[in-house]
Every structure is written in C-alpha cells, then in structure tokens.
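Source file: entry.cif; contents: mmCIF, C-alpha atoms and all ligand atoms.
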```cif
data_query
#
loop_
_atom_site.group_PDB
_atom_site.id
_atom_site.type_symbol
_atom_site.label_atom_id
_atom_site.label_comp_id
_atom_site.auth_asym_id
_atom_site.auth_seq_id
_atom_site.Cartn_x
_atom_site.Cartn_y
_atom_site.Cartn_z
ATOM 1 C CA MET A 1 134.406 91.550 131.407
ATOM 2 C CA THR A 2 136.573 89.406 133.615
ATOM 3 C CA ILE A 3 136.177 91.973 136.353
ATOM 4 C CA GLY A 4 132.424 91.808 135.840
ATOM 5 C CA LYS A 5 132.523 88.045 136.324
ATOM 6 C CA ILE A 6 134.591 88.377 139.469
ATOM 7 C CA TRP A 7 132.194 91.003 140.732
ATOM 8 C CA ILE A 8 129.184 88.766 140.134
ATOM 9 C CA GLY A 9 131.025 85.915 141.849
ATOM 10 C CA PHE A 10 131.828 88.191 144.742
ATOM 11 C CA ILE A 11 128.200 89.254 145.130
ATOM 12 C CA THR A 12 127.070 85.639 144.969
ATOM 13 C CA LEU A 13 129.623 84.676 147.585
ATOM 14 C CA THR A 14 128.548 87.466 149.908
ATOM 15 C CA LEU A 15 124.886 86.557 149.530
ATOM 16 C CA VAL A 16 125.613 82.889 150.144
ATOM 17 C CA TRP A 17 127.669 83.860 153.166
ATOM 18 C CA GLY A 18 124.748 85.977 154.441
ATOM 19 C CA MET A 19 122.542 82.882 154.336
ATOM 20 C CA PHE A 20 125.058 80.724 156.174
ATOM 21 C CA ALA A 21 125.574 83.439 158.753
ATOM 22 C CA SER A 22 121.879 83.351 159.651
ATOM 23 C CA THR A 23 120.708 81.662 162.775
ATOM 24 C CA PRO A 24 117.054 81.141 163.644
ATOM 25 C CA THR A 25 117.109 83.800 166.376
ATOM 26 C CA MET A 26 118.762 86.354 164.149
ATOM 27 C CA ALA A 27 117.142 85.331 160.902
ATOM 28 C CA ALA A 28 115.289 88.581 160.356
ATOM 29 C CA ALA A 29 118.393 90.711 160.758
ATOM 30 C CA ALA A 30 120.879 88.306 159.272
ATOM 31 C CA GLN A 31 119.387 88.111 155.791
ATOM 32 C CA PRO A 32 120.692 90.780 153.464
ATOM 33 C CA GLN A 33 118.215 93.600 153.951
ATOM 34 C CA ASN A 34 118.141 95.051 150.485
ATOM 35 C CA ARG A 35 118.186 94.356 146.796
ATOM 36 C CA ASP A 36 121.039 96.707 146.018
ATOM 37 C CA ASP A 37 124.235 94.907 145.013
ATOM 38 C CA ASP A 38 126.359 97.695 146.470
ATOM 39 C CA VAL A 39 125.232 97.240 150.045
ATOM 40 C CA GLU A 40 124.225 94.520 152.455
ATOM 41 C CA TRP A 41 124.558 93.652 156.103
ATOM 42 C CA TYR A 42 124.423 90.455 158.104
ATOM 43 C CA SER A 43 125.292 89.080 161.515
ATOM 44 C CA ILE A 44 128.807 87.647 161.873
ATOM 45 C CA ALA A 45 128.736 86.908 165.610
ATOM 46 C CA ASN A 46 126.356 87.282 168.500
ATOM 47 C CA ASN A 47 125.222 90.948 168.469
ATOM 48 C CA VAL A 48 127.827 91.875 165.851
ATOM 49 C CA TYR A 49 126.896 92.928 162.331
ATOM 50 C CA GLN A 50 129.038 93.537 159.295
ATOM 51 C CA LEU A 51 127.917 96.068 156.718
ATOM 52 C CA ARG A 52 129.369 96.024 153.243
ATOM 53 C CA TYR A 53 129.258 99.083 151.027
ATOM 54 C CA GLU A 54 130.845 98.402 147.643
ATOM 55 C CA HIS A 55 134.262 96.930 148.533
ATOM 56 C CA HIS A 56 134.470 98.333 152.066
ATOM 57 C CA TYR A 57 133.218 96.647 155.210
ATOM 58 C CA THR A 58 132.436 98.038 158.614
ATOM 59 C CA LEU A 59 131.035 96.658 161.811
ATOM 60 C CA PHE A 60 128.496 97.538 164.489
ATOM 61 C CA VAL A 61 127.909 96.018 167.886
ATOM 62 C CA VAL A 62 124.559 95.901 169.684
ATOM 63 C CA THR A 63 124.835 96.162 173.487
ATOM 64 C CA ASP A 64 122.128 96.264 176.164
ATOM 65 C CA LYS A 65 122.494 100.071 176.291
ATOM 66 C CA GLY A 66 122.648 100.824 172.578
ATOM 67 C CA VAL A 67 124.804 100.464 169.488
ATOM 68 C CA VAL A 68 128.505 101.114 168.858
ATOM 69 C CA ALA A 69 129.414 101.745 165.222
ATOM 70 C CA PHE A 70 132.866 101.484 163.682
ATOM 71 C CA ASP A 71 134.043 103.262 160.526
ATOM 72 C CA PRO A 72 131.141 104.996 158.760
ATOM 73 C CA LEU A 73 133.030 104.739 155.387
ATOM 74 C CA SER A 74 131.360 107.590 153.462
ATOM 75 C CA ASP A 75 128.259 109.773 153.565
ATOM 76 C CA GLU A 76 126.547 107.454 151.062
ATOM 77 C CA ALA A 77 127.492 104.324 152.996
ATOM 78 C CA ALA A 78 126.432 105.970 156.257
ATOM 79 C CA GLU A 79 122.883 106.445 154.937
ATOM 80 C CA HIS A 80 122.685 102.669 154.614
ATOM 81 C CA TYR A 81 124.471 102.283 157.940
ATOM 82 C CA VAL A 82 121.723 104.287 159.685
ATOM 83 C CA HIS A 83 119.085 102.101 158.056
ATOM 84 C CA ALA A 84 120.917 98.899 159.049
ATOM 85 C CA ILE A 85 121.327 99.999 162.689
ATOM 86 C CA LYS A 86 117.703 101.121 162.953
ATOM 87 C CA THR A 87 116.529 97.830 161.452
ATOM 88 C CA VAL A 88 118.660 95.614 163.684
ATOM 89 C CA ALA A 89 118.256 97.673 166.877
ATOM 90 C CA PRO A 90 115.060 99.721 166.523
ATOM 91 C CA GLY A 91 114.814 102.637 168.943
ATOM 92 C CA GLN A 92 118.297 102.071 170.348
ATOM 93 C CA PRO A 93 120.687 105.000 170.783
ATOM 94 C CA LEU A 94 124.061 105.192 169.092
ATOM 95 C CA LEU A 95 126.561 105.202 171.961
ATOM 96 C CA ALA A 96 129.731 105.926 169.993
ATOM 97 C CA VAL A 97 131.446 105.941 166.621
ATOM 98 C CA ILE A 98 134.968 104.467 166.507
ATOM 99 C CA TYR A 99 137.392 105.292 163.682
ATOM 100 C CA SER A 100 139.848 102.444 163.005
ATOM 101 C CA HIS A 101 142.367 104.930 161.546
ATOM 102 C CA TRP A 102 142.444 108.302 159.869
ATOM 103 C CA HIS A 103 142.102 107.267 156.204
ATOM 104 C CA THR A 104 139.152 109.070 154.684
ATOM 105 C CA ASP A 105 137.701 105.997 152.931
ATOM 106 C CA HIS A 106 136.949 104.597 156.394
ATOM 107 C CA ALA A 107 136.517 107.704 158.573
ATOM 108 C CA THR A 108 134.065 109.715 156.448
ATOM 109 C CA GLY A 109 130.316 109.572 157.184
ATOM 110 C CA ALA A 110 129.945 110.302 160.907
ATOM 111 C CA ASN A 111 127.988 113.485 160.140
ATOM 112 C CA VAL A 112 125.235 111.312 158.695
ATOM 113 C CA LEU A 113 125.221 109.035 161.754
ATOM 114 C CA ARG A 114 125.092 112.057 164.059
ATOM 115 C CA ARG A 115 122.248 113.595 162.067
ATOM 116 C CA ALA A 116 120.258 110.405 162.621
ATOM 117 C CA PHE A 117 121.273 109.619 166.212
ATOM 118 C CA GLY A 118 122.285 112.962 167.766
ATOM 119 C CA GLY A 119 124.958 115.588 167.278
ATOM 120 C CA ASP A 120 126.685 114.683 170.518
ATOM 121 C CA VAL A 121 127.433 111.033 169.709
ATOM 122 C CA PRO A 122 131.077 110.653 170.795
ATOM 123 C CA ILE A 123 133.721 109.780 168.229
ATOM 124 C CA ILE A 124 136.638 107.692 169.472
ATOM 125 C CA ALA A 125 139.994 107.214 167.707
ATOM 126 C CA HIS A 126 143.734 107.022 168.219
ATOM 127 C CA GLU A 127 145.241 110.365 169.285
ATOM 128 C CA ARG A 128 147.254 110.560 166.054
ATOM 129 C CA THR A 129 144.056 110.071 164.061
ATOM 130 C CA LEU A 130 142.817 113.258 165.717
ATOM 131 C CA ALA A 131 146.071 115.027 164.780
ATOM 132 C CA ARG A 132 145.866 113.896 161.113
ATOM 133 C CA LEU A 133 142.213 114.810 160.786
ATOM 134 C CA LYS A 134 142.872 118.231 162.300
ATOM 135 C CA GLU A 135 145.523 118.796 159.639
ATOM 136 C CA LEU A 136 143.175 117.514 156.957
ATOM 137 C CA ASP A 137 140.491 119.969 158.132
ATOM 138 C CA ASP A 138 137.634 118.376 156.190
ATOM 139 C CA ASN A 139 134.091 119.268 157.296
ATOM 140 C CA ALA A 140 132.901 115.894 156.012
ATOM 141 C CA ILE A 141 134.954 114.178 158.726
ATOM 142 C CA PRO A 142 134.046 115.311 162.239
ATOM 143 C CA LEU A 143 136.977 115.142 164.662
ATOM 144 C CA PRO A 144 137.278 112.498 167.368
ATOM 145 C CA THR A 145 135.990 113.719 170.725
ATOM 146 C CA ARG A 146 137.847 111.121 172.738
ATOM 147 C CA THR A 147 141.261 109.664 171.975
ATOM 148 C CA VAL A 148 143.237 106.557 172.793
ATOM 149 C CA THR A 149 147.045 106.412 173.145
ATOM 150 C CA ASP A 150 149.481 103.683 172.067
ATOM 151 C CA LYS A 151 148.722 101.973 175.378
ATOM 152 C CA GLY A 152 145.202 101.182 174.153
ATOM 153 C CA GLU A 153 142.075 101.138 176.257
ATOM 154 C CA THR A 154 139.088 99.019 177.205
ATOM 155 C CA LEU A 155 135.778 100.791 176.759
ATOM 156 C CA ARG A 156 132.624 99.577 178.450
ATOM 157 C CA PHE A 157 129.246 99.999 176.788
ATOM 158 C CA GLY A 158 126.530 98.481 178.986
ATOM 159 C CA ASP A 159 127.167 94.743 179.060
ATOM 160 C CA THR A 160 129.835 94.873 176.349
ATOM 161 C CA ASP A 161 133.548 95.591 176.535
ATOM 162 C CA ILE A 162 135.396 96.823 173.473
ATOM 163 C CA GLU A 163 139.181 96.762 173.710
ATOM 164 C CA LEU A 164 141.152 99.072 171.446
ATOM 165 C CA HIS A 165 144.740 97.991 170.788
ATOM 166 C CA TYR A 166 147.563 99.814 169.041
ATOM 167 C CA ILE A 167 149.864 97.092 167.690
ATOM 168 C CA GLY A 168 152.089 98.875 165.187
ATOM 169 C CA TYR A 169 152.515 101.207 162.227
ATOM 170 C CA GLY A 170 152.042 98.615 159.468
ATOM 171 C CA HIS A 171 149.214 100.737 158.050
ATOM 172 C CA THR A 172 149.669 104.331 159.265
ATOM 173 C CA ASP A 173 150.632 104.968 162.887
ATOM 174 C CA THR A 174 146.996 105.623 163.784
ATOM 175 C CA LEU A 175 145.372 102.223 163.456
ATOM 176 C CA LEU A 176 143.456 100.650 166.319
ATOM 177 C CA VAL A 177 142.535 96.978 166.370
ATOM 178 C CA ALA A 178 139.272 96.412 168.209
ATOM 179 C CA ARG A 179 138.763 93.223 170.190
ATOM 180 C CA LEU A 180 135.386 92.024 171.430
ATOM 181 C CA PRO A 181 136.223 89.649 174.283
ATOM 182 C CA LYS A 182 132.724 88.130 174.510
ATOM 183 C CA GLN A 183 132.692 87.178 170.850
ATOM 184 C CA LYS A 184 136.445 86.482 170.743
ATOM 185 C CA MET A 185 136.549 88.612 167.638
ATOM 186 C CA VAL A 186 138.871 91.309 166.322
ATOM 187 C CA TYR A 187 138.182 94.020 163.753
ATOM 188 C CA VAL A 188 141.116 94.387 161.360
ATOM 189 C CA VAL A 189 141.287 97.146 158.779
ATOM 190 C CA ASP A 190 143.726 97.491 155.897
ATOM 191 C CA PHE A 191 146.846 95.846 157.375
ATOM 192 C CA ALA A 192 145.360 92.449 156.543
ATOM 193 C CA SER A 193 142.414 91.479 154.344
ATOM 194 C CA ARG A 194 140.457 88.313 153.914
ATOM 195 C CA ASP A 195 142.214 86.194 151.266
ATOM 196 C CA SER A 196 142.914 89.137 149.027
ATOM 197 C CA VAL A 197 146.151 90.537 147.638
ATOM 198 C CA GLY A 198 147.463 93.970 148.644
ATOM 199 C CA TRP A 199 146.427 97.276 147.124
ATOM 200 C CA ARG A 200 148.135 98.100 143.838
ATOM 201 C CA GLU A 201 151.935 98.544 144.296
ATOM 202 C CA MET A 202 151.505 98.862 148.062
ATOM 203 C CA PRO A 203 152.798 102.432 147.900
ATOM 204 C CA GLY A 204 154.586 103.489 151.064
ATOM 205 C CA TRP A 205 153.666 100.272 152.868
ATOM 206 C CA PRO A 206 156.315 99.305 155.451
ATOM 207 C CA LEU A 207 156.244 95.628 154.515
ATOM 208 C CA ASP A 208 158.471 94.442 157.383
ATOM 209 C CA GLU A 209 156.270 96.205 159.920
ATOM 210 C CA LEU A 210 153.109 95.029 158.156
ATOM 211 C CA ILE A 211 154.210 91.425 158.670
ATOM 212 C CA ALA A 212 155.340 92.115 162.248
ATOM 213 C CA MET A 213 151.983 93.700 162.990
ATOM 214 C CA GLN A 214 150.086 90.719 161.623
ATOM 215 C CA ARG A 215 152.187 88.510 163.921
ATOM 216 C CA ARG A 216 151.470 90.766 166.904
ATOM 217 C CA LEU A 217 147.778 90.474 166.128
ATOM 218 C CA LEU A 218 148.037 86.736 166.787
ATOM 219 C CA ASP A 219 149.145 87.533 170.359
ATOM 220 C CA LEU A 220 145.581 88.704 171.022
ATOM 221 C CA ASP A 221 142.997 86.162 172.084
ATOM 222 C CA PHE A 222 140.477 85.732 169.256
ATOM 223 C CA ASP A 223 138.867 83.123 167.025
ATOM 224 C CA LYS A 224 137.128 85.333 164.479
ATOM 225 C CA VAL A 225 138.237 88.313 162.432
ATOM 226 C CA ALA A 226 136.016 90.942 160.846
ATOM 227 C CA PHE A 227 137.914 92.625 158.020
ATOM 228 C CA GLY A 228 137.655 96.018 156.358
ATOM 229 C CA HIS A 229 138.338 94.484 152.936
ATOM 230 C CA GLY A 230 138.519 91.174 151.135
ATOM 231 C CA ARG A 231 136.226 88.196 150.862
ATOM 232 C CA ALA A 232 132.898 88.655 152.646
ATOM 233 C CA GLY A 233 132.215 87.396 156.125
ATOM 234 C CA PRO A 234 134.558 86.772 159.022
ATOM 235 C CA GLY A 235 137.931 85.060 158.886
ATOM 236 C CA ASP A 236 139.894 83.367 161.621
ATOM 237 C CA ARG A 237 143.463 83.015 162.878
ATOM 238 C CA GLU A 238 144.396 80.977 159.802
ATOM 239 C CA THR A 239 143.234 83.835 157.585
ATOM 240 C CA ILE A 240 145.786 86.097 159.280
ATOM 241 C CA LYS A 241 148.527 83.474 158.907
ATOM 242 C CA ARG A 242 147.711 83.164 155.194
ATOM 243 C CA GLN A 243 148.098 86.942 154.841
ATOM 244 C CA THR A 244 151.484 86.869 156.559
ATOM 245 C CA LEU A 245 152.651 84.013 154.366
ATOM 246 C CA TYR A 246 151.503 85.898 151.280
ATOM 247 C CA TYR A 247 153.587 88.975 152.090
ATOM 248 C CA GLU A 248 156.538 86.786 153.080
ATOM 249 C CA ASN A 249 156.249 84.969 149.760
ATOM 250 C CA LEU A 250 156.185 88.279 147.876
ATOM 251 C CA LEU A 251 159.327 89.419 149.665
ATOM 252 C CA GLY A 252 160.968 86.027 149.096
ATOM 253 C CA GLU A 253 160.278 86.284 145.346
ATOM 254 C CA ALA A 254 161.621 89.822 145.254
ATOM 255 C CA ARG A 255 164.775 88.908 147.192
ATOM 256 C CA SER A 256 165.669 85.944 145.016
ATOM 257 C CA ALA A 257 164.917 87.879 141.814
ATOM 258 C CA ILE A 258 167.192 90.720 142.882
ATOM 259 C CA ARG A 259 169.888 88.314 144.050
ATOM 260 C CA GLU A 260 169.836 86.623 140.648
ATOM 261 C CA GLY A 261 169.844 89.899 138.783
ATOM 262 C CA LEU A 262 166.343 89.568 137.317
ATOM 263 C CA SER A 263 164.633 92.754 136.193
ATOM 264 C CA GLU A 264 161.402 93.855 137.825
ATOM 265 C CA ASP A 265 159.424 92.703 134.765
ATOM 266 C CA ASP A 266 161.046 89.253 134.898
ATOM 267 C CA ALA A 267 160.399 89.051 138.622
ATOM 268 C CA VAL A 268 156.704 89.605 137.924
ATOM 269 C CA ILE A 269 156.601 86.800 135.362
ATOM 270 C CA ARG A 270 158.420 84.371 137.640
ATOM 271 C CA ALA A 271 156.324 85.219 140.698
ATOM 272 C CA ALA A 272 153.151 84.435 138.756
ATOM 273 C CA TYR A 273 154.553 80.939 138.101
ATOM 274 C CA ASP A 274 156.031 80.464 141.563
ATOM 275 C CA LEU A 275 152.936 81.506 143.516
ATOM 276 C CA PRO A 276 149.936 79.930 141.740
ATOM 277 C CA GLN A 277 148.160 79.408 145.064
ATOM 278 C CA TYR A 278 147.031 83.043 145.051
ATOM 279 C CA ARG A 279 145.237 82.959 141.694
ATOM 280 C CA GLY A 280 141.863 82.561 143.408
ATOM 281 C CA TRP A 281 142.420 85.422 145.844
ATOM 282 C CA GLY A 282 140.483 88.668 145.756
ATOM 283 C CA ASN A 283 141.924 91.266 143.364
ATOM 284 C CA TYR A 284 144.557 88.824 142.074
ATOM 285 C CA LYS A 285 144.078 89.823 138.459
ATOM 286 C CA ARG A 286 144.048 93.532 139.202
ATOM 287 C CA TRP A 287 146.868 93.808 141.700
ATOM 288 C CA PHE A 288 149.025 90.683 142.137
ATOM 289 C CA ARG A 289 151.562 91.764 139.519
ATOM 290 C CA LEU A 290 151.611 95.265 140.963
ATOM 291 C CA ASN A 291 152.186 93.727 144.404
ATOM 292 C CA VAL A 292 155.269 91.914 143.053
ATOM 293 C CA ARG A 293 156.557 95.208 141.667
ATOM 294 C CA GLY A 294 155.950 96.874 145.010
ATOM 295 C CA ALA A 295 157.780 94.108 146.887
ATOM 296 C CA TYR A 296 160.694 94.239 144.397
ATOM 297 C CA ARG A 297 161.057 97.985 144.882
ATOM 298 C CA TRP A 298 160.705 97.685 148.637
ATOM 299 C CA VAL A 299 163.506 95.100 148.853
ATOM 300 C CA GLN A 300 165.690 97.227 146.566
ATOM 301 C CA GLU A 301 165.156 100.247 148.717
ATOM 302 C CA HIS A 302 165.356 98.654 152.151
ATOM 303 C CA GLU A 303 167.466 95.521 151.853
ATOM 304 C CA SER A 304 169.497 95.415 148.674
ATOM 305 C CA PRO A 305 173.126 96.582 148.924
ATOM 306 C CA VAL A 306 173.141 97.112 145.133
ATOM 307 C CA LYS A 307 170.729 99.852 144.145
ATOM 308 C CA HIS A 308 168.732 99.459 140.964
ATOM 309 C CA ARG A 309 170.335 101.153 137.985
HETATM 310 ZN ZN ZN B 401 143.701 102.745 155.297
#
```

Will you turn the file into structure tokens for me?
Amino acid sequence: MTIGKIWIGFITLTLVWGMFASTPTMAAAAQPQNRDDDVEWYSIANNVYQLRYEHHYTLFVVTDKGVVAFDPLSDEAAEHYVHAIKTVAPGQPLLAVIYSHWHTDHATGANVLRRAFGGDVPIIAHERTLARLKELDDNAIPLPTRTVTDKGETLRFGDTDIELHYIGYGHTDTLLVARLPKQKMVYVVDFASRDSVGWREMPGWPLDELIAMQRRLLDLDFDKVAFGHGRAGPGDRETIKRQTLYYENLLGEARSAIREGLSEDDAVIRAAYDLPQYRGWGNYKRWFRLNVRGAYRWVQEHESPVKHR
C-alpha cells in the first residue's frame, strides 16, 4: 500500500514535470503522449527527449539528419520508443542506437527499433559491451556494429555531436557516458540516479570506484543530467554531488559502526537515525536499509582489518 502511494506520487511527479518541461515551440511533443502510466516521453532539452518505461529511462536526440536513440530498454519499451520517435520526428531516419552498457535491462529492444527503422541501423557501444554481449549470445540483443575504446570518441550526426566518454568501472567496465555539447547535457546510467538510493544491497558494486567515477563525471562540462533511473526529468551538477555525498555517508556510517563494534543490524538502525535527509528519496523504503547492509559488508571486505565473525 505504501509502495502504491509512492508509485502514484511518482506518476504525479513525472506528469507535473512533463508539463513544466513543455515550451510553446515543443508543446505538442513535450506533453506526455499517452494515457498509460507505464510509459511517457517529454522534452528535457532542445531536441532531446526522455522516454520513461516503468522505472527505466532512456533518451533520444533529434538532429537535422535524423534521430539517435540510446538504450532501447526492452522489446516492450521499444514498441513505445518507436511510437515516440515517429511522433516527435515524423519521417526521420534512425541514424544509430547507442548502448550505455551491456546490462540487458538497458540494451534489449534494438530488434524492434531496427524492424521499424531498418535492419542496418548501426549499434554503437563500448568494445567490452560487444565482448559481454557476444558471451551472452542472446538473439534479443543484437550486437554492436561499431565500438568505442576507453579513449572515448566524438560522433557527428548532421548538426549534432555526441561525445562518448569512458570514465571508470563504477558500474561494469563497459559504461559510456554520453555528452551533448550543444545542450551541455550528459546521459548517466546506473552509476548515479536522480535523488534515489542504490539498488538493494548494491551487490558487487565497487563503492570506492563508484564515488570516484561520479567525481570524474564532474570534470566534464555540463549543466543538465539525463538519468537512467530515479526521479523523473533532468538533474544537474548538484544532483551528482548529492549522489556522491549519499554514498560517502553510507560508507561513513558503515566505518564508524564497524569501528565501534556494532552489528550489521545495529548499523542499519543507527544509519536510519543518522541520515534522515534521505527519507524522501526514491526507493528509500525499499532499499535504504539494504544499502546500509551493502556498505557495511563492503567496508568489512575492503577496509576493515578485523573480518566479521
Ligand atoms: Zn546496469
């Protein structure tokens, strides 16, 4: 029931955001284009559109030569993605699909885009995304046709440059951050979210590198951030700093709990009192306590000289 309330609040927030995001010139495209609570899309910057499907977001960019689409998310989401692109940019070709990283909840769905826009639409990703997807060998996820190394690359699509940056292994070693220089925007998937806590116990997350990667992100020149998860709409540089502070706070709680000999359960209880500022964040009720457990275990494993009994 509480989750239901949060969900309704979330939908309301996204719809309200959609209205604020509208400008007179983009009004037709910027209003949510459907009555389905699971999906909507809206403009978040000049010629940039965010599509939400359930709790995932993706992004597409309209250039003077056609459209570039990031993560297609899933076959179901991609059906809506096709509709959104054709509504916003009728008759325009799809110039490329870009996978942010290899995880299947972001990379699936390109078959549907290719069915709608042409079987030869290139798919661009980090070279290790190609390697992982080859190993995975899943027909639902067509392989990248063009890859980018750790050095990154600037791609030109008509009048629009899209920079792809590799800035660390905080969320797999395959993740590319896209920067749109004209809009001074970056697209950030999974290693930071908009005012939301981390996923469950953050299994396998390299928390030190996650924080370092968020800091490296701030070396790029941008004002706006489009996220793959979290609160709807774009964030900004402060949103990234709030994420970093959150993970630092989690680690700080874990370190002091371990230093004082508190059990994991007691660390959870104390962290809930010590960090009340996160109670309004996305997924707080579902995952905050699990995040504390994850941070406690991470510190034990990576920093604590005394291993847990
Ligand atoms: Zn991921």

Target residues per the PyMOL selection byres (((not hetatm)) within 8 of (chain B and resi 401)), formatted as a PDB file with C-alpha atoms, keeping the file's coordinate frame:
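The resulting file, selection08.pdb, is shown below:
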```pdb
ATOM      1  CA  HIS A 101     142.367 104.930 161.546  1.00  0.00           C
ATOM      2  CA  TRP A 102     142.444 108.302 159.869  1.00  0.00           C
ATOM      3  CA  HIS A 103     142.102 107.267 156.204  1.00  0.00           C
ATOM      4  CA  THR A 104     139.152 109.070 154.684  1.00  0.00           C
ATOM      5  CA  ASP A 105     137.701 105.997 152.931  1.00  0.00           C
ATOM      6  CA  HIS A 106     136.949 104.597 156.394  1.00  0.00           C
ATOM      7  CA  HIS A 171     149.214 100.737 158.050  1.00  0.00           C
ATOM      8  CA  THR A 172     149.669 104.331 159.265  1.00  0.00           C
ATOM      9  CA  VAL A 189     141.287  97.146 158.779  1.00  0.00           C
ATOM     10  CA  ASP A 190     143.726  97.491 155.897  1.00  0.00           C
ATOM     11  CA  PHE A 191     146.846  95.846 157.375  1.00  0.00           C
TER      12      PHE A 191
END
```

Atom CA of Arg286 of chain A sits from atom CA of Gln214 of chain A at a separation of 23.4 Å

When you count only C-alpha atoms, which of these residues is closest to Gly109 of chain A: A:Ile124, A:Ile44, A:Leu245, A:Val97?
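Ranked by minimum distance to Gly109 of chain A, first place goes to A:Val97.
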
Extract, using all atoms listed in the file, all DNA, RNA and protein residues at most 12 Å from Lys86 of chain A, discarding same-chain residues fewer than 3 positions from it, and format them as a PyMOL selection string.
chain A and resi 29+33+60+62+66-67+69+79-83+89-94+113+116-117

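Minimum atom-to-atom distances from A:Asp64, A:Arg115, A:Glu264, A:Leu210 to Asp161 of chain A were compared using all atoms listed in the file, and the lowest value belongs to A:Asp64.
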
On this structure, which residues satisfy the PyMOL selection byres (((chain A and resi 272) around 12) and not hetatm), written as a VMD selection string?
chain A and resid 249 to 250 253 to 254 265 to 271 273 to 279 284 to 285 287 to 293
